[in-house]
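*Asks:* entry_16.cif is the file, holding mmCIF, C-alpha atoms:
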data_query
#
loop_
_atom_site.label_atom_id
_atom_site.label_comp_id
_atom_site.auth_asym_id
_atom_site.auth_seq_id
_atom_site.Cartn_x
_atom_site.Cartn_y
_atom_site.Cartn_z
CA LYS Z 237 0.00 0.00 0.00
CA GLN Z 238 1.34 3.46 -0.89
CA MET Z 239 2.22 5.56 2.15
CA SER Z 240 0.03 8.62 2.73
CA VAL Z 241 2.18 11.65 3.62
CA LEU Z 242 0.62 14.33 5.81
CA GLN Z 243 0.39 17.73 4.11
CA GLY Z 244 0.64 20.82 6.33
CA TYR Z 245 -1.77 22.89 4.22
CA THR Z 246 -4.64 20.56 5.18
CA GLN Z 247 -4.57 21.66 8.82
CA LYS Z 248 -7.71 23.06 10.41
CA TYR Z 249 -8.23 23.99 14.04
CA TYR Z 250 -11.11 24.00 16.51
CA ALA Z 251 -11.43 25.40 20.03
CA VAL Z 252 -14.40 25.37 22.40
CA LEU Z 253 -14.97 25.89 26.11
CA GLU Z 254 -15.81 22.74 28.07
CA SER Z 255 -18.91 22.42 30.23
CA ALA Z 256 -16.68 21.02 33.00
CA PHE Z 257 -12.94 20.58 33.35
CA GLY Z 258 -11.64 17.76 31.16
CA ALA Z 259 -15.10 16.84 29.88
CA GLY Z 260 -14.19 17.43 26.24
CA ALA Z 261 -16.85 18.90 23.99
CA ASP Z 262 -18.88 18.16 20.88
CA ILE Z 263 -17.15 20.16 18.15
CA THR Z 264 -19.36 22.10 15.74
CA GLY Z 265 -18.43 23.98 12.58
CA SER Z 266 -18.71 27.31 14.39
CA ASP Z 267 -15.97 26.17 16.81
CA ALA Z 268 -13.42 26.47 13.99
CA ILE Z 269 -10.71 28.99 14.83
CA GLU Z 270 -8.32 30.85 12.54
CA LEU Z 271 -4.71 30.38 13.70
CA THR Z 272 -1.30 30.46 12.07
CA GLU Z 273 -0.20 27.57 14.28
CA LEU Z 274 -1.49 25.25 17.00
CA LYS Z 275 0.81 22.78 18.73
CA LEU Z 276 -0.20 20.00 21.12
CA GLU Z 277 2.74 18.44 22.98
CA PRO Z 278 1.75 15.36 25.02
CA SER Z 279 4.24 13.90 27.50
CA ASN Z 280 4.00 10.56 29.25
CA GLU Z 281 6.35 10.24 32.23
CA PHE Z 282 8.10 6.93 32.87
CA VAL Z 283 9.78 6.23 36.20
CA THR Z 284 12.93 4.10 36.37
CA ILE Z 285 12.70 1.09 38.70
CA SER Z 286 16.04 1.44 40.49
CA GLU Z 287 16.62 -2.09 41.74
CA HIS Z 288 20.12 -3.68 41.72
CA LYS Z 289 20.20 -6.97 39.85
CA GLY Z 290 23.92 -7.53 39.34
CA THR Z 291 24.04 -5.94 35.86
CA ALA Z 292 24.81 -2.58 34.30
CA SER Z 293 22.01 -2.99 31.76
CA PRO Z 294 19.33 -0.26 31.66
CA ARG Z 295 16.65 -0.72 34.33
CA SER Z 296 12.98 -1.33 33.65
CA GLU Z 297 10.41 1.44 33.93
CA ALA Z 298 6.85 2.02 35.08
CA ARG Z 299 4.42 4.50 33.57
CA GLY Z 300 4.04 7.71 35.54
CA LYS Z 301 1.85 10.78 35.10
CA PHE Z 302 0.60 12.36 31.89
CA SER Z 303 1.15 16.03 31.16
CA GLY Z 304 0.49 18.07 28.05
CA SER Z 305 1.43 21.55 26.88
CA TRP Z 306 -0.06 23.55 24.04
CA SER Z 307 0.67 26.79 22.24
CA CYS Z 308 -0.91 28.75 19.44
CA SER Z 309 -0.39 31.91 17.44
CA GLY Z 310 -2.58 33.94 15.15
CA TYR Z 311 -3.70 37.36 14.03
CA LEU Z 312 -5.88 39.40 16.36
CA LYS Z 313 -8.90 39.92 14.11
CA THR Z 314 -12.08 41.88 14.69
CA ARG Z 315 -15.63 41.18 13.59
CA ALA Z 316 -18.78 43.25 13.36
CA SER Z 317 -19.90 44.96 16.56
CA GLY Z 318 -21.60 42.44 18.84
CA GLN Z 319 -19.62 39.47 17.46
CA LYS Z 320 -16.71 37.99 19.38
CA PRO Z 321 -13.30 38.24 17.70
CA SER Z 322 -11.99 35.23 15.80
CA CYS Z 323 -9.88 34.17 18.81
CA GLY Z 324 -12.75 34.79 21.24
CA VAL Z 325 -12.63 31.35 22.88
CA ILE Z 326 -8.92 31.84 23.71
CA LEU Z 327 -9.73 35.21 25.30
CA ASP Z 328 -12.67 33.67 27.20
CA ALA Z 329 -10.36 30.99 28.62
CA ALA Z 330 -7.67 33.55 29.53
CA PHE Z 331 -9.87 36.20 31.14
CA GLY Z 332 -12.81 34.12 32.34
CA ASN Z 333 -15.17 36.91 31.48
CA SER Z 334 -16.68 38.42 28.36
CA GLN Z 335 -19.61 40.81 28.44
CA ILE Z 336 -21.69 41.25 25.33
CA PHE Z 337 -23.80 44.38 25.02
CA GLY Z 338 -23.03 45.44 21.48
CA PRO Z 339 -19.32 45.83 22.23
CA ILE Z 340 -17.44 42.74 23.46
CA ARG Z 341 -15.60 43.46 26.69
CA TYR Z 342 -12.94 41.18 28.23
CA SER Z 343 -11.69 41.66 31.77
CA SER Z 344 -10.22 39.27 34.32
CA VAL Z 345 -12.34 37.64 37.00
CA ASP Z 346 -11.49 35.52 40.03
CA ALA Z 347 -14.11 32.87 39.27
CA ASP Z 348 -13.59 29.09 39.35
CA PRO Z 349 -10.93 28.36 36.67
CA ASN Z 350 -12.49 24.93 36.08
CA ASN Z 351 -15.10 26.83 34.08
CA GLN Z 352 -12.41 28.23 31.76
CA SER Z 353 -10.97 25.00 30.34
CA MET Z 354 -11.05 24.27 26.61
CA CYS Z 355 -11.08 21.42 24.15
CA LEU Z 356 -8.57 21.97 21.32
CA VAL Z 357 -8.51 19.96 18.08
CA ILE Z 358 -6.08 19.72 15.16
CA HIS Z 359 -7.25 17.86 12.04
CA ALA Z 360 -5.09 17.41 8.95
CA GLY Z 361 -5.79 14.57 6.52
CA ASP Z 362 -5.69 11.31 8.48
CA TYR Z 363 -4.15 13.06 11.50
CA TYR Z 364 -6.35 14.12 14.42
CA ALA Z 365 -5.27 15.24 17.88
CA LYS Z 366 -7.45 16.55 20.70
CA ALA Z 367 -6.50 18.18 24.00
CA SER Z 368 -9.07 18.18 26.80
CA GLY Z 369 -8.84 20.17 30.01
CA ALA Z 370 -6.71 22.83 28.29
CA ILE Z 371 -6.05 26.01 30.28
CA VAL Z 372 -4.49 29.32 29.22
CA GLU Z 373 -1.42 30.14 31.30
CA GLN Z 374 -0.11 33.03 29.21
CA LEU Z 375 -1.56 35.36 26.60
CA ASP Z 376 0.48 37.91 24.62
CA ILE Z 377 -0.87 40.61 22.31
CA GLU Z 378 1.63 42.46 20.14
CA GLN Z 379 1.45 45.26 17.59
CA ALA Z 380 4.50 46.48 15.68
CA ALA Z 381 4.54 49.26 13.12
CA ALA Z 382 3.90 48.09 9.54
CA ASP Z 383 2.98 44.59 10.77
CA LEU Z 384 -0.34 42.92 11.51
CA CYS Z 385 -1.50 42.69 15.12
CA LYS Z 386 -0.76 39.22 16.50
CA PHE Z 387 -1.44 37.15 19.58
CA THR Z 388 0.14 34.06 21.11
CA ALA Z 389 -1.22 31.86 23.86
CA SER Z 390 0.07 28.83 25.71
CA GLY Z 391 -0.77 26.54 28.61
CA SER Z 392 -1.24 22.99 29.79
CA TYR Z 393 -3.84 20.30 29.28
CA ALA Z 394 -5.00 17.17 31.08
CA ALA Z 395 -5.83 14.55 28.42
CA HIS Z 396 -4.77 13.71 24.87
CA SER Z 397 -6.68 11.79 22.18
CA LEU Z 398 -5.51 10.87 18.70
CA CYS Z 399 -6.51 9.15 15.49
CA TYR Z 400 -4.18 8.36 12.60
CA GLY Z 401 -6.75 6.35 10.62
CA THR Z 402 -7.12 2.60 10.06
CA GLU Z 403 -9.51 0.15 8.35
CA VAL Z 404 -12.29 -2.17 9.43
CA SER Z 405 -11.04 -5.76 9.62
CA VAL Z 406 -12.44 -9.31 9.41
CA ALA Z 407 -16.10 -9.42 8.42
CA GLY Z 408 -16.99 -5.80 9.18
CA ALA Z 409 -19.72 -4.72 11.60
CA ALA Z 410 -23.50 -4.74 11.43
CA SER Z 411 -25.89 -1.85 11.91
CA GLY Z 412 -26.50 -1.24 15.62
CA GLU Z 413 -23.09 -2.58 16.67
CA THR Z 414 -20.86 -0.54 18.98
CA GLU Z 415 -17.77 -2.75 18.72
CA VAL Z 416 -15.96 -2.48 15.39
CA PRO Z 417 -12.99 -4.74 14.51
CA VAL Z 418 -10.06 -2.76 13.04
CA ASP Z 419 -6.72 -3.61 11.47
CA ASP Z 420 -4.58 -1.42 13.74
CA PRO Z 421 -6.21 -0.12 16.95
CA SER Z 422 -2.86 1.33 18.08
CA LYS Z 423 -3.53 4.28 15.74
CA ILE Z 424 -6.62 5.37 17.69
CA THR Z 425 -7.16 6.27 21.36
CA ALA Z 426 -10.26 6.76 23.47
CA GLY Z 427 -11.75 10.22 23.10
CA ALA Z 428 -11.16 10.52 19.35
CA VAL Z 429 -14.13 11.19 17.07
CA VAL Z 430 -14.31 9.16 13.86
CA THR Z 431 -16.25 8.23 10.76
CA VAL Z 432 -16.54 4.56 9.76
CA GLY Z 433 -16.97 3.64 6.11
CA GLY Z 434 -18.34 7.12 5.41
CA LEU Z 435 -20.90 6.91 8.26
CA ASP Z 436 -20.69 10.00 10.47
CA ASN Z 437 -23.60 9.65 12.95
CA SER Z 438 -25.72 12.22 11.12
CA GLY Z 439 -22.94 14.80 11.11
CA SER Z 440 -21.73 14.37 14.70
CA GLY Z 441 -19.15 11.60 14.27
CA TYR Z 442 -18.72 8.55 16.53
CA LYS Z 443 -16.89 8.94 19.82
CA VAL Z 444 -14.31 6.25 20.54
CA ALA Z 445 -15.29 5.08 24.03
CA SER Z 446 -12.50 2.50 24.40
CA VAL Z 447 -9.83 0.68 22.42
CA GLY Z 448 -9.22 -3.07 22.65
CA ALA Z 449 -6.58 -5.43 21.28
CA SER Z 450 -8.31 -5.74 17.90
CA SER Z 451 -11.34 -3.45 17.98
CA ILE Z 452 -12.70 -0.06 19.01
CA THR Z 453 -15.94 0.61 20.87
CA LEU Z 454 -18.05 3.50 19.57
CA ASN Z 455 -20.74 5.71 21.01
CA PRO Z 456 -23.40 5.68 19.69
CA ALA Z 457 -23.94 2.45 17.76
CA LEU Z 458 -23.41 2.32 13.99
CA GLU Z 459 -26.33 3.66 11.97
CA ASP Z 460 -25.66 1.16 9.16
CA SER Z 461 -23.44 -1.82 8.43
CA VAL Z 462 -19.81 -1.47 7.31
CA SER Z 463 -17.73 -3.99 5.42
CA GLN Z 464 -14.15 -5.16 5.73
CA SER Z 465 -11.56 -2.59 4.55
CA ALA Z 466 -13.94 0.32 5.17
CA LYS Z 467 -11.87 3.31 6.28
CA VAL Z 468 -11.94 4.52 9.88
CA SER Z 469 -11.03 8.21 9.75
CA ALA Z 470 -10.93 11.17 12.10
CA TYR Z 471 -14.03 13.34 11.96
CA THR Z 472 -14.46 17.08 12.33
CA PRO Z 473 -17.36 19.11 10.92
CA ALA Z 474 -16.96 21.55 8.05
CA GLN Z 475 -15.58 24.86 9.26
CA SER Z 476 -17.98 27.78 9.63
CA LEU Z 477 -15.87 30.94 9.82
CA LEU Z 478 -17.40 34.40 10.11
CA SER Z 479 -15.91 37.31 8.22
CA ALA Z 480 -13.13 39.00 10.21
CA GLU Z 481 -10.76 41.95 9.77
CA VAL Z 482 -7.03 41.86 10.42
CA ILE Z 483 -5.67 44.82 12.39
CA PRO Z 484 -3.00 46.66 10.37
CA GLY Z 485 0.13 48.14 11.91
CA THR Z 486 -0.43 51.50 10.24
CA VAL Z 487 -3.32 52.90 12.30
CA ALA Z 488 -3.29 53.06 16.11
CA SER Z 489 -3.29 55.47 19.03
CA LEU Z 490 -1.73 55.66 22.50
CA SER Z 491 -2.60 57.84 25.48
CA ILE Z 492 -0.64 57.93 28.76
CA ASP Z 493 -1.93 60.11 31.59
CA GLY Z 494 -4.06 62.01 29.10
CA SER Z 495 -1.17 62.75 26.71
CA ASP Z 496 -1.41 61.40 23.17
CA LEU Z 497 1.74 59.70 21.88
CA GLY Z 498 2.76 57.78 18.81
CA PHE Z 499 4.35 54.39 19.31
CA ILE Z 500 6.66 52.03 17.43
CA SER Z 501 5.49 48.82 19.07
CA PHE Z 502 3.16 47.64 21.83
CA LYS Z 503 3.01 44.38 23.74
CA ALA Z 504 0.89 43.18 26.65
CA SER Z 505 1.67 39.89 28.42
CA LEU Z 506 -0.81 38.31 30.80
CA LYS Z 507 0.12 35.38 33.02
CA THR Z 508 -3.29 34.21 34.13
CA GLY Z 509 -2.18 32.38 37.28
CA ILE Z 510 -4.34 29.41 36.23
CA HIS Z 511 -2.58 26.06 36.67
CA LEU Z 512 -3.46 22.39 36.72
CA LEU Z 513 -4.02 20.41 39.90
CA ASP Z 514 -1.55 17.70 38.91
CA LYS Z 515 0.15 16.66 42.14
CA GLU Z 516 -2.42 14.15 43.38
CA VAL Z 517 -2.00 10.41 42.93
CA ALA Z 518 -3.67 10.14 39.53
CA TYR Z 519 -2.60 9.65 35.93
CA THR Z 520 -3.97 13.03 34.81
CA ALA Z 521 -4.72 16.38 36.43
CA SER Z 522 -7.97 16.46 38.38
CA GLY Z 523 -8.83 20.10 37.79
CA ALA Z 524 -7.51 23.65 37.70
CA ALA Z 525 -6.75 26.28 40.33
CA ARG Z 526 -5.89 29.97 40.36
CA ALA Z 527 -2.91 31.95 41.65
CA ILE Z 528 -2.03 35.65 41.40
CA ARG Z 529 -2.23 37.11 37.89
CA GLU Z 530 0.82 38.89 36.47
CA LEU Z 531 0.54 41.56 33.81
CA GLU Z 532 3.30 43.43 32.01
CA SER Z 533 3.29 45.76 29.03
CA GLU Z 534 6.05 47.20 26.86
CA ILE Z 535 5.73 50.26 24.63
CA SER Z 536 8.48 51.46 22.30
CA CYS Z 537 8.33 55.06 21.09
CA TYR Z 538 10.57 57.93 20.01
CA PHE Z 539 12.29 59.74 22.89
CA SER Z 540 10.74 63.20 22.71
CA ASP Z 541 9.34 65.98 24.87
CA ASP Z 542 6.10 64.02 25.07
CA SER Z 543 7.58 60.67 26.14
CA SER Z 544 10.49 61.93 28.26
CA LYS Z 545 8.19 63.21 31.01
CA PHE Z 546 7.21 59.63 31.82
CA LEU Z 547 10.84 58.64 32.43
CA GLY Z 548 11.52 61.35 35.03
CA SER Z 549 9.92 61.99 38.41
CA LYS Z 550 6.75 60.07 37.49
CA ALA Z 551 8.84 56.91 37.12
CA ILE Z 552 11.04 57.70 40.14
CA ASP Z 553 8.01 58.26 42.39
CA GLY Z 554 6.17 55.21 41.03
CA GLU Z 555 3.18 57.34 40.03
CA LEU Z 556 0.27 55.28 38.70
CA LEU Z 557 -0.85 56.46 35.27
CA ALA Z 558 -3.79 55.56 33.04
CA VAL Z 559 -2.81 53.99 29.71
CA SER Z 560 -5.15 53.56 26.74
CA VAL Z 561 -4.24 51.94 23.43
CA ARG Z 562 -6.36 51.64 20.31
CA LEU Z 563 -5.26 49.06 17.78
CA GLY Z 564 -6.69 49.44 14.29
CA PRO Z 565 -8.63 52.28 12.65
CA ASP Z 566 -11.10 54.23 14.77
CA GLU Z 567 -14.10 52.50 13.17
CA SER Z 568 -16.70 50.20 14.67
CA GLY Z 569 -15.96 46.53 14.01
CA LYS Z 570 -12.33 47.24 13.08
CA ARG Z 571 -10.69 48.23 16.37
CA VAL Z 572 -9.79 46.93 19.79
CA LYS Z 573 -9.36 49.31 22.71
CA ILE Z 574 -7.00 48.26 25.49
CA SER Z 575 -7.33 50.04 28.82
CA MET Z 576 -4.94 49.75 31.79
CA PRO Z 577 -6.16 52.29 34.38
CA GLN Z 578 -3.19 52.18 36.76
CA CYS Z 579 0.31 51.60 35.40
CA ARG Z 580 3.66 52.22 37.00
CA ILE Z 581 6.40 52.96 34.47
CA GLU Z 582 9.82 51.48 35.19
CA LEU Z 583 12.68 53.98 35.42
CA THR Z 584 14.97 53.59 32.40
CA SER Z 585 17.19 55.56 30.01
CA PRO Z 586 16.57 56.25 26.32
CA GLU Z 587 18.43 54.32 23.66
CA ILE Z 588 20.57 56.84 21.81
CA PRO Z 589 22.13 55.51 18.58
CA GLU Z 590 25.10 57.01 16.81
CA ALA Z 591 23.15 58.86 14.12
CA GLU Z 592 19.45 57.97 14.16
CA GLU Z 593 16.55 59.02 16.36
CA ALA Z 594 16.60 58.10 20.04
CA THR Z 595 13.90 55.74 21.25
CA ALA Z 596 12.48 54.88 24.66
CA SER Z 597 11.15 51.57 25.93
CA LEU Z 598 8.39 52.15 28.44
CA SER Z 599 8.03 49.10 30.66
CA LEU Z 600 4.61 49.18 32.34
CA LYS Z 601 3.52 47.42 35.52
CA PRO Z 602 -0.30 47.58 35.48
CA LYS Z 603 -2.22 47.42 38.77
CA SER Z 604 -5.94 47.25 39.50
CA LEU Z 605 -8.28 49.91 40.83
CA VAL Z 606 -10.86 47.26 41.61
CA ALA Z 607 -10.47 43.48 41.26
CA GLY Z 608 -10.09 42.44 37.64
CA ASP Z 609 -9.71 45.81 35.92
CA GLU Z 610 -5.91 45.79 35.53
CA ILE Z 611 -6.50 45.34 31.81
CA GLU Z 612 -9.62 45.48 29.66
CA LEU Z 613 -10.07 44.65 25.98
CA LEU Z 614 -13.01 46.22 24.20
CA PHE Z 615 -14.01 45.08 20.70
CA ASP Z 616 -16.59 47.58 19.48
#
Show me, as structure tokens, the structure contained in the file I just sent.
*Replies:*
Amino acid sequence: KQMSVLQGYTQKYYAVLESAFGAGADITGSDAIELTELKLEPSNEFVTISEHKGTASPRSEARGKFSGSWSCSGYLKTRASGQKPSCGVILDAAFGNSQIFGPIRYSSVDADPNNQSMCLVIHAGDYYAKASGAIVEQLDIEQAAADLCKFTASGSYAAHSLCYGTEVSVAGAASGETEVPVDDPSKITAGAVVTVGGLDNSGSGYKVASVGASSITLNPALEDSVSQSAKVSAYTPAQSLLSAEVIPGTVASLSIDGSDLGFISFKASLKTGIHLLDKEVAYTASGAARAIRELESEISCYFSDDSSKFLGSKAIDGELLAVSVRLGPDESGKRVKISMPQCRIELTSPEIPEAEEATASLSLKPKSLVAGDEIELLFD
């Protein structure tokens, strides 16, 4: 049989909030997400059995805990007023709060982080990987002049499912059967969603409940019979992507303490403080918990009369200043407004080159006026 080589251009991604931590989710077409990259990195720990047996040969091992890490990157894109941005589910998982009243407003909350976990899916050809119990540990938003506005996010997850595709074996399976014999069950794990011989459970796919030595068990039962050599493939629904606008690096505004400035680049980095409860005696993490959030921002601008005043006594005294950034043109459905009401600017010196213009890097340490308002994103 000719080997099928995975092609990168076939990748499509899905992300959806779970109803409960690690519960997974039924993926729909509207859960498709536009990303430049999504990586799922599973890791299965093995513990060396350190017994002396009179030999220098490598020792045997026992399986330890599972851990997974994920990361993604993409363009921060806006949609029409009242519609969440294309990366909305990532922002929901990072902030824990989105208010919809025409504009979409994201701000941090101290709610139960178990309600902020996601299910992430990569599907490319015969390759399918799913992360359940995925949490956002860090979110970065960055805008540089003459470049498109981008975001990156990363975190951990509790469970990993995969499907590399196989075929029905022996005599096939009858309609109403849940157990399907397959040629190579090692290419599928529990939690994957598949089609069998073109059957897709009326557009929902079949969940793999368990994997045996020579078969897989599906939920629900087959809606029709399948014959030997019928293909067992990963299933995801057709993508349903709403129209979205990229944010160009040619139109933006910045205000610090009521003074309008231009800027060369802007970056905000949020460490959510959300982490997995993974120290108990169990194969996978049992849930998520919250620690203190950390927020930093960096703004690069020309060193001028306007910017120099923020690197003098205001920085020395640790004065808290309001910072507002608008990314994108000042038009509804095309902009995101970022507000940080109390920022301390780190004391620093300008960068003075030999012949060109001097620049300043303003390192901001945002604080909150009231719980959760240290940063707010408004898509309007």
*Asks:* Using CA of Arg562 (chain Z) and CA of Val487 (chain Z) as the two end points, give the distance in Å to one decimal.
*Replies:*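 CA of Val487 (chain Z) lies at a distance of 8.7 Å from CA of Arg562 (chain Z).
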*Asks:* How close does each residue of region 383-433 of chain Z get to region 295-305 of chain Z, giving the shortest atom pair and distance in Å to one decimal for every residue with an atom at most 7 Å away, counting only C-alpha atoms, sorted by chain and residue number, as a Markdown table?
*Replies:*
| residue | atom | partner | partner_atom | distance |
| --- | --- | --- | --- | --- |
| Z:Gly391 | CA | Z:Ser305 | CA | 5.7 |
| Z:Ser392 | CA | Z:Ser305 | CA | 4.2 |
| Z:Tyr393 | CA | Z:Gly304 | CA | 5.0 |
| Z:Ala394 | CA | Z:Ser303 | CA | 6.3 |
*Asks:* Counting only C-alpha atoms, figure out which residue out of Z:Lys467, Z:Asn437, Z:Val345, Z:Gln475 gets nearest to Ala251 (chain Z).
*Replies:* Z:Gln475
*Asks:* Counting all atoms listed in the file, what is within 7 Å of region 554-559 of chain Z, bar same-chain residues fewer than 6 positions away, as a PyMOL selection string?
*Replies:* chain Z and resi 491-493+575-581
*Asks:* For this structure, which residues satisfy the selection - the PyMOL selection byres ((chain Z and resi 501-510) around 8) - when it is evaluated on the file as given? I want them as a ChimeraX atom specification.
*Replies:* /Z:330-331,349,371-381,499-500,511-512,524-537
*Asks:* Given all atoms listed in the file as the basis, pick out the residue of Z:Pro321, Z:Gly608, Z:Pro339, Z:Gly290 nearest to Ile483 (chain Z).
*Replies:* Z:Pro321
*Asks:* Pull out every residue that the PyMOL selection byres ((chain Z and resi 542) around 10) matches in the shown coordinates and put them as a PyMOL selection string.
*Replies:* chain Z and resi 492+495-498+538-541+543-546
*Asks:* Any chance you could export the current selection's C-alpha atoms as a compact mmCIF listing (two decimals), in the coordinates of the input?
*Replies:*
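What follows is the written file part-v7.txt:
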# COMPACT_ATOMS: atom_id res chain seq x y z
CA ILE Z 492 -0.64 57.93 28.76
CA SER Z 495 -1.17 62.75 26.71
CA ASP Z 496 -1.41 61.40 23.17
CA LEU Z 497 1.74 59.70 21.88
CA GLY Z 498 2.76 57.78 18.81
CA TYR Z 538 10.57 57.93 20.01
CA PHE Z 539 12.29 59.74 22.89
CA SER Z 540 10.74 63.20 22.71
CA ASP Z 541 9.34 65.98 24.87
CA SER Z 543 7.58 60.67 26.14
CA SER Z 544 10.49 61.93 28.26
CA LYS Z 545 8.19 63.21 31.01
CA PHE Z 546 7.21 59.63 31.82
*Asks:* If we count all atoms listed in the file, what is near region 252-259 of chain Z at a cut-off of 6 Å, once residues fewer than 4 positions away on the same chain are taken out, given as a compact mmCIF listing (two decimals) with C-alpha atoms, in the coordinates of the input?
*Replies:*
# COMPACT_ATOMS: atom_id res chain seq x y z
CA ASP Z 267 -15.97 26.17 16.81
CA ASN Z 350 -12.49 24.93 36.08
CA SER Z 353 -10.97 25.00 30.34
CA MET Z 354 -11.05 24.27 26.61
CA CYS Z 355 -11.08 21.42 24.15
CA SER Z 368 -9.07 18.18 26.80
CA GLY Z 369 -8.84 20.17 30.01
